[in-house]
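This report refers to the structure that appears directly beneath it.
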Amino acid sequence: MEETVREKIERLKKEKDVVILAHYYVDGEVQALADYVGDSFYLSKVATKVTQQNILFCGVQFMGESAKILNPEKNVVMADDFADCPMAHMVTKEKIAEVRAQYDDLAVVCYVNSTAEIKTVSDVCVTSSNAVKVVKNIEAKNIFFVPDNNLGRYVSKMVPEKNFIFHDGFCHVHKSILAENVKAAKEVHPEALVLTHPECTQDVVEMSDFVGSTSEIIDYATNSDHKVFLICTEMGVFYELQQKNPDKKFFSVGHRQFCPNMKKVTLDKVESAIERMDSFVELSEETIEKAAVPLKRMLELAAK
Ligand code: 13P
Ligand code: SF4
């Protein structure tokens with residue numbers, strides 16, 4: 001009998017010493033065959049622990065770069081080389097230098113959704129699940145939070161003792177979830193709890209019952225006695241939400257909860273990437289060395 005795509009990928013994983021990491025925003029059928037699925041923080045921690053020589057990353061460019069920076073001796077291959085996060089390119093080194101020149105006591109806090117180049121000039125990275133904790137643990141009084149304005153504003157509310165300087169980056173997927181969409185969905189499902197990613201705008205965050213990263217949203221829904229939820233983040237999370245909670249109902253609040261870059265990762269592309277294993281994430285030694293500093297600092301401060 002002919003091998004299925006799934007069986008072929010399983011066979012090639014063993015033959016080629018490959019581990020597959022996937023973010024919750026990729027398609028469910030890709031999540032189903034990954035060895036590790038999680039949010040950005042979990043995946044960066046996992047990347048430091050895997051034993052295989054080759055990492056096949058099902059996600060966007062900055063995630064593969066982080067895996068490479070934390071494991072320079074391993075090969076990292078993207079399932080789709082063109083899957084990139086637009087927000088990662090929304091701040092420049094020049095802008096960071098300009099703000100650094102204005103403050104003595106400043107920490108540049110860089111959301112992992114940023115390029116490796118931006119990480120080389122940042123003091124510490126954060127993800128949506130550890131940003132509050134990491135920023136609380138930073139000594140500097142002034143925080144330049146890049147690139148995401150919405151996450152920066154959310155963190156600033158949780159850490160009022162710091163002085164924040166915000167940048168104007170955004171995630172187009174989360175920004176397109178409007179307060180009016182949430183209001184309309186609430187009218188249809190008044191019993192639902194609203195679970196929201198902090199990349200959403202402040203008005204949506206304020207209407208929510210819970211705010212957290214993709215993993216935190218999944219954990220919250222799983223541990224809750226509630227049965228109905230409105231989900232304000234990318235629709236890829238519905239796969240794991242439904243897997244873990246077959247008896248609960250999850251609804252989106254609009255038709256645009258769709259990240260076109262995450263959705264570039266398909267089963268066919270995973271199959272051809274694992275067959276070829278030839279297009280590695282390449283970063284210079286200098287970039288890896290400098291970008292590792294804020295990423296490792298994040299791992300330390302988040303563990304405190
Ligand atoms: P996490 O919730 O996984 O941190 O990330 C959100 C995101 O936008 C990843 O691209
Ligand atoms: Fe980037 Fe938003 Fe897509 Fe995440 S969901 S990869 S932040 S565009």
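FYI, nothing fancy with the structure tokens labels: chains A, B, ... in order, residues from 1 per chain, ligands from 1 as they appear.
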Write out as an NGL selection string each polymer residue (protein, DNA or RNA) that has an atom no more than 9 Å from ligand 1, with only C-alpha atoms and all ligand atoms counted. :A and (23-25 or 38-43 or 59-60 or 62-63 or 85 or 87 or 112-113 or 126-130 or 171 or 173-174 or 197-199 or 212-217 or 233-234 or 259 or 262)
Write out, as a short mmCIF file (atom, residue, chain, number, x, y, z; two decimals), in the first residue's frame, the residues just selected, with N, CA and C atoms.
```
data_model
loop_
_atom_site.label_atom_id
_atom_site.label_comp_id
_atom_site.auth_asym_id
_atom_site.auth_seq_id
_atom_site.Cartn_x
_atom_site.Cartn_y
_atom_site.Cartn_z
N HIS A 23 3.74 26.45 15.38
CA HIS A 23 3.00 27.44 16.17
C HIS A 23 1.51 27.15 16.06
N TYR A 24 0.75 27.57 17.09
CA TYR A 24 -0.69 27.33 17.12
C TYR A 24 -1.45 27.99 15.97
N TYR A 25 -0.82 28.92 15.24
CA TYR A 25 -1.54 29.59 14.16
C TYR A 25 -1.46 28.85 12.82
N GLY A 38 3.11 25.00 20.10
CA GLY A 38 2.96 25.90 21.23
C GLY A 38 2.98 27.35 20.83
N ASP A 39 3.06 28.22 21.86
CA ASP A 39 3.18 29.65 21.60
C ASP A 39 4.65 29.98 21.38
N SER A 40 4.93 31.25 21.11
CA SER A 40 6.30 31.64 20.76
C SER A 40 7.28 31.35 21.91
N PHE A 41 6.85 31.55 23.14
CA PHE A 41 7.75 31.33 24.28
C PHE A 41 8.07 29.85 24.43
N TYR A 42 7.04 29.04 24.40
CA TYR A 42 7.24 27.60 24.52
C TYR A 42 8.17 27.09 23.42
N LEU A 43 7.93 27.55 22.20
CA LEU A 43 8.75 27.05 21.08
C LEU A 43 10.20 27.50 21.21
N GLY A 59 6.08 27.88 11.01
CA GLY A 59 5.72 29.16 11.60
C GLY A 59 6.28 30.24 10.70
N VAL A 60 6.52 31.42 11.28
CA VAL A 60 7.06 32.52 10.45
C VAL A 60 8.54 32.74 10.74
N PHE A 62 10.69 34.93 11.94
CA PHE A 62 11.38 35.31 13.19
C PHE A 62 11.46 34.11 14.15
N MET A 63 10.53 33.18 14.05
CA MET A 63 10.54 32.01 14.94
C MET A 63 11.70 31.08 14.57
N CYS A 85 6.47 37.61 9.25
CA CYS A 85 5.52 38.43 10.01
C CYS A 85 5.78 39.90 9.68
N MET A 87 4.88 42.54 11.11
CA MET A 87 5.21 43.36 12.29
C MET A 87 6.70 43.31 12.62
N VAL A 112 9.51 39.31 20.55
CA VAL A 112 10.21 38.35 19.66
C VAL A 112 9.75 38.46 18.21
N ASN A 113 8.56 39.01 17.99
CA ASN A 113 8.09 39.23 16.61
C ASN A 113 8.88 40.39 16.01
N VAL A 126 10.87 39.74 24.70
CA VAL A 126 9.71 39.23 25.45
C VAL A 126 8.80 38.52 24.45
N THR A 127 7.94 37.66 24.98
CA THR A 127 6.83 37.13 24.17
C THR A 127 5.56 37.57 24.87
N SER A 128 4.42 37.29 24.25
CA SER A 128 3.17 37.76 24.87
C SER A 128 2.91 37.05 26.20
N SER A 129 3.49 35.86 26.40
CA SER A 129 3.19 35.16 27.66
C SER A 129 4.14 35.53 28.80
N ASN A 130 5.28 36.16 28.49
CA ASN A 130 6.18 36.50 29.60
C ASN A 130 6.48 37.99 29.71
N CYS A 171 0.09 44.21 14.63
CA CYS A 171 -0.24 42.99 13.90
C CYS A 171 -1.54 43.26 13.14
N VAL A 173 -3.51 41.30 11.73
CA VAL A 173 -4.57 40.30 12.00
C VAL A 173 -5.34 40.70 13.26
N HIS A 174 -4.59 40.98 14.33
CA HIS A 174 -5.26 41.33 15.60
C HIS A 174 -5.88 42.73 15.54
N HIS A 197 -6.02 37.99 22.71
CA HIS A 197 -4.55 38.11 22.65
C HIS A 197 -4.17 39.57 22.84
N PRO A 198 -3.06 39.84 23.58
CA PRO A 198 -2.71 41.24 23.83
C PRO A 198 -2.20 42.01 22.62
N GLU A 199 -2.12 41.39 21.45
CA GLU A 199 -1.82 42.15 20.23
C GLU A 199 -3.07 42.88 19.73
N GLY A 212 -4.34 36.94 27.14
CA GLY A 212 -3.12 36.13 27.25
C GLY A 212 -2.63 35.66 25.89
N SER A 213 -1.48 35.01 25.92
CA SER A 213 -0.89 34.45 24.69
C SER A 213 -1.76 33.30 24.18
N THR A 214 -1.39 32.75 23.04
CA THR A 214 -2.17 31.65 22.48
C THR A 214 -2.26 30.47 23.47
N SER A 215 -1.13 30.11 24.07
CA SER A 215 -1.14 28.99 25.04
C SER A 215 -2.00 29.34 26.25
N GLU A 216 -1.87 30.58 26.70
CA GLU A 216 -2.64 30.98 27.89
C GLU A 216 -4.14 30.98 27.60
N ILE A 217 -4.52 31.38 26.39
CA ILE A 217 -5.94 31.33 26.01
C ILE A 217 -6.44 29.88 26.03
N THR A 233 -8.26 36.04 18.59
CA THR A 233 -6.90 35.86 18.09
C THR A 233 -7.00 35.08 16.79
N GLU A 234 -5.85 34.71 16.22
CA GLU A 234 -5.85 34.01 14.93
C GLU A 234 -6.55 32.65 15.07
N CYS A 259 -4.15 34.77 9.64
CA CYS A 259 -2.81 35.29 9.32
C CYS A 259 -2.35 34.64 8.02
N MET A 262 1.10 32.75 8.35
CA MET A 262 1.07 31.46 9.05
C MET A 262 0.40 30.40 8.16
#
```
Residues of range 71-178 of chain A classed as strand (DSSP E or B) by DSSP on the backbone are to be reported as a ChimeraX atom specification. /A:75-78,106-111,124-126,142-146,148,163-166,169
I want to know what sits within 7 Å of Phe280 in chain A, based on only C-alpha atoms, with residues of the same chain fewer than 5 positions away left out; could you give that as number ranges by chain? A: 75-77
Any chance you can output those residues with N, CA, C and O atoms as a PDB file, in the first residue's frame?
```pdb
ATOM      1  N   ASN A  75      20.748  22.781  12.375  1.00  0.00           N
ATOM      2  CA  ASN A  75      20.184  23.282  11.121  1.00  0.00           C
ATOM      3  C   ASN A  75      18.713  23.596  11.360  1.00  0.00           C
ATOM      4  O   ASN A  75      17.991  22.760  11.906  1.00  0.00           O
ATOM      5  N   VAL A  76      18.301  24.797  10.940  1.00  0.00           N
ATOM      6  CA  VAL A  76      16.879  25.142  11.043  1.00  0.00           C
ATOM      7  C   VAL A  76      16.360  25.370   9.622  1.00  0.00           C
ATOM      8  O   VAL A  76      16.940  26.149   8.858  1.00  0.00           O
ATOM      9  N   VAL A  77      15.290  24.670   9.286  1.00  0.00           N
ATOM     10  CA  VAL A  77      14.679  24.796   7.959  1.00  0.00           C
ATOM     11  C   VAL A  77      13.245  25.274   8.154  1.00  0.00           C
ATOM     12  O   VAL A  77      12.529  24.757   9.021  1.00  0.00           O
TER      13      VAL A  77
END
```
Could you give me, as an MDAnalysis selection string, the residues within 12 Å of Ser284 in chain A, counting only C-alpha atoms and dropping anything in the same chain fewer than 5 positions from it? chainID A and resid 65 68:69 72 116:117 120 289:291
Might you pull out every residue within 12 Å of Val182 in chain A, with only C-alpha atoms counted and same-chain residues fewer than 6 positions away left off, and present them as a ChimeraX atom specification? /A:176,188-190,192-196,200-201,203-209,229-233,251-255
Quick one: write out the picked residues with N, CA and C atoms as a compact mmCIF listing (two decimals), in the first residue's frame?
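Resulting contents of out.txt:
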```txt
# COMPACT_ATOMS: atom_id res chain seq x y z
N SER A 176 -7.34 43.98 13.10
CA SER A 176 -8.59 43.94 12.33
C SER A 176 -9.76 43.37 13.15
N VAL A 188 -24.92 37.86 20.11
CA VAL A 188 -25.37 36.53 19.64
C VAL A 188 -25.11 35.46 20.71
N HIS A 189 -23.98 35.62 21.44
CA HIS A 189 -23.60 34.63 22.46
C HIS A 189 -23.38 35.34 23.80
N PRO A 190 -24.46 35.82 24.44
CA PRO A 190 -24.28 36.62 25.66
C PRO A 190 -23.63 35.84 26.79
N ALA A 192 -21.10 33.88 26.52
CA ALA A 192 -19.69 33.55 26.22
C ALA A 192 -18.70 34.41 26.99
N LEU A 193 -17.56 33.80 27.34
CA LEU A 193 -16.44 34.57 27.88
C LEU A 193 -15.57 35.00 26.70
N VAL A 194 -15.02 36.21 26.77
CA VAL A 194 -14.19 36.74 25.68
C VAL A 194 -12.71 36.55 26.04
N LEU A 195 -12.00 35.78 25.24
CA LEU A 195 -10.58 35.49 25.48
C LEU A 195 -9.76 36.16 24.36
N THR A 196 -8.80 36.98 24.76
CA THR A 196 -8.17 37.90 23.80
C THR A 196 -6.65 37.87 23.87
N CYS A 200 -4.23 42.61 20.36
CA CYS A 200 -5.46 43.31 19.98
C CYS A 200 -5.43 44.74 20.51
N THR A 201 -6.27 45.59 19.93
CA THR A 201 -6.31 47.00 20.35
C THR A 201 -6.88 47.12 21.78
N ASP A 203 -9.28 48.81 23.14
CA ASP A 203 -10.73 48.74 23.37
C ASP A 203 -11.21 47.28 23.40
N VAL A 204 -10.61 46.45 22.57
CA VAL A 204 -10.97 45.01 22.57
C VAL A 204 -10.46 44.36 23.86
N VAL A 205 -9.23 44.69 24.24
CA VAL A 205 -8.65 44.14 25.48
C VAL A 205 -9.56 44.48 26.67
N GLU A 206 -10.04 45.74 26.71
CA GLU A 206 -10.87 46.16 27.85
C GLU A 206 -12.23 45.45 27.90
N MET A 207 -12.70 44.95 26.78
CA MET A 207 -13.99 44.24 26.76
C MET A 207 -13.83 42.76 27.11
N SER A 208 -12.60 42.33 27.39
CA SER A 208 -12.33 40.89 27.49
C SER A 208 -12.38 40.37 28.91
N ASP A 209 -12.70 39.09 29.05
CA ASP A 209 -12.69 38.44 30.36
C ASP A 209 -11.31 37.92 30.69
N PHE A 229 -17.11 30.30 24.41
CA PHE A 229 -16.06 31.32 24.40
C PHE A 229 -16.01 32.05 23.06
N LEU A 230 -15.72 33.34 23.13
CA LEU A 230 -15.43 34.12 21.93
C LEU A 230 -13.92 34.32 21.90
N ILE A 231 -13.31 33.98 20.79
CA ILE A 231 -11.85 33.96 20.72
C ILE A 231 -11.33 35.11 19.85
N CYS A 232 -10.58 36.02 20.48
CA CYS A 232 -10.03 37.16 19.74
C CYS A 232 -8.54 36.94 19.49
N THR A 233 -8.26 36.04 18.59
CA THR A 233 -6.90 35.86 18.09
C THR A 233 -7.00 35.08 16.79
N PHE A 251 -16.16 30.43 19.32
CA PHE A 251 -16.57 31.22 18.15
C PHE A 251 -15.56 32.33 17.90
N SER A 252 -15.37 32.64 16.61
CA SER A 252 -14.55 33.81 16.28
C SER A 252 -15.48 35.02 16.35
N VAL A 253 -14.92 36.24 16.21
CA VAL A 253 -15.78 37.42 16.26
C VAL A 253 -15.81 38.14 14.91
N GLY A 254 -15.10 37.62 13.93
CA GLY A 254 -15.12 38.26 12.61
C GLY A 254 -14.50 37.33 11.61
N HIS A 255 -14.60 37.68 10.35
CA HIS A 255 -14.11 36.77 9.31
C HIS A 255 -12.63 36.98 9.01
```
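Neighbours of range 6-13 of chain A closer than or equal to 8 Å, with only C-alpha atoms counted and sequence neighbours fewer than 5 positions away skipped, come out as Val18, Val19, Leu33, Val270, Glu271, Ile274 and Glu275 of chain A.
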Atomic distance atom 2 (Fe, counted along the ligand's line) of ligand 2 - CA of Gly169 in chain A, expressed in Å with one decimal: 10.7 Å
Find the residues around Asp27 in chain A up to 10 Å (only C-alpha atoms counted), leave out those fewer than 3 positions away in its own chain, and share them as a ChimeraX atom specification. /A:22-24,30-32,58,235-239,262-267
Selection to disk with C-alpha atoms, as a compact mmCIF listing (two decimals), in the first residue's frame:
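For reference, selection_3.txt as written:
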```
# COMPACT_ATOMS: atom_id res chain seq x y z
CA ALA A 22 4.77 24.31 14.97
CA HIS A 23 3.00 27.44 16.17
CA TYR A 24 -0.69 27.33 17.12
CA VAL A 30 0.21 20.62 10.31
CA GLN A 31 -0.11 20.95 14.10
CA ALA A 32 -1.26 17.32 14.18
CA CYS A 58 6.24 25.50 10.89
CA MET A 235 -8.15 31.11 14.10
CA GLY A 236 -5.37 28.47 14.15
CA VAL A 237 -5.90 28.16 17.94
CA PHE A 238 -9.33 26.62 17.32
CA TYR A 239 -7.68 23.31 16.46
CA MET A 262 1.07 31.46 9.05
CA LYS A 263 -1.34 29.88 6.56
CA LYS A 264 1.41 29.60 3.94
CA VAL A 265 2.58 26.56 5.89
CA THR A 266 0.74 23.57 4.40
CA LEU A 267 1.16 19.82 4.69
```
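Closest approach to Pro147 in chain A from the set A:Glu3, A:Tyr111, A:Asn163, A:Val132 is made by A:Tyr111, with distances taken over only C-alpha atoms.
Nearest residue to ligand 2 among A:Ile143, A:Cys125, A:Leu299, A:Ile177 is A:Ile177, counting only C-alpha atoms and all ligand atoms.
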Which residues in range 40-236 of chain A does DSSP call alpha helix (DSSP H)? List them as JSON, numbers by chain. {"A": [40, 41, 42, 43, 44, 45, 46, 47, 61, 62, 63, 64, 65, 66, 67, 68, 69, 70, 93, 94, 95, 96, 97, 98, 99, 100, 116, 117, 118, 119, 131, 132, 133, 134, 135, 136, 149, 150, 151, 152, 153, 154, 155, 156, 157, 158, 172, 173, 174, 175, 179, 180, 181, 182, 183, 184, 185, 186, 187, 188, 202, 203, 204, 205, 206, 214, 215, 216, 217, 218, 219, 220, 221, 222, 223]}
In Å, with one decimal, what is the gap from CA of Lys162 in chain A to CA of Ala303 in chain A?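 That distance, rounded to one decimal, is 20.5 Å.
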In terms of the shortest atom-to-atom distance over only C-alpha atoms and all ligand atoms, which of A:Gly64, A:Pro160, A:Pro294, A:Pro86 is closest to ligand 2?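 With only C-alpha atoms and all ligand atoms as the atom set, the closest residue is A:Pro86.
Counting only C-alpha atoms and all ligand atoms and comparing A:Phe170, A:Val50, A:Lys74, A:Val124, the residue that lies closest to ligand 2 is A:Phe170.
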Interatomic distance between CA of Glu94 in chain A and CA of Val109 in chain A?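 Calculated distance between CA of Glu94 in chain A and CA of Val109 in chain A is 15.3 Å.
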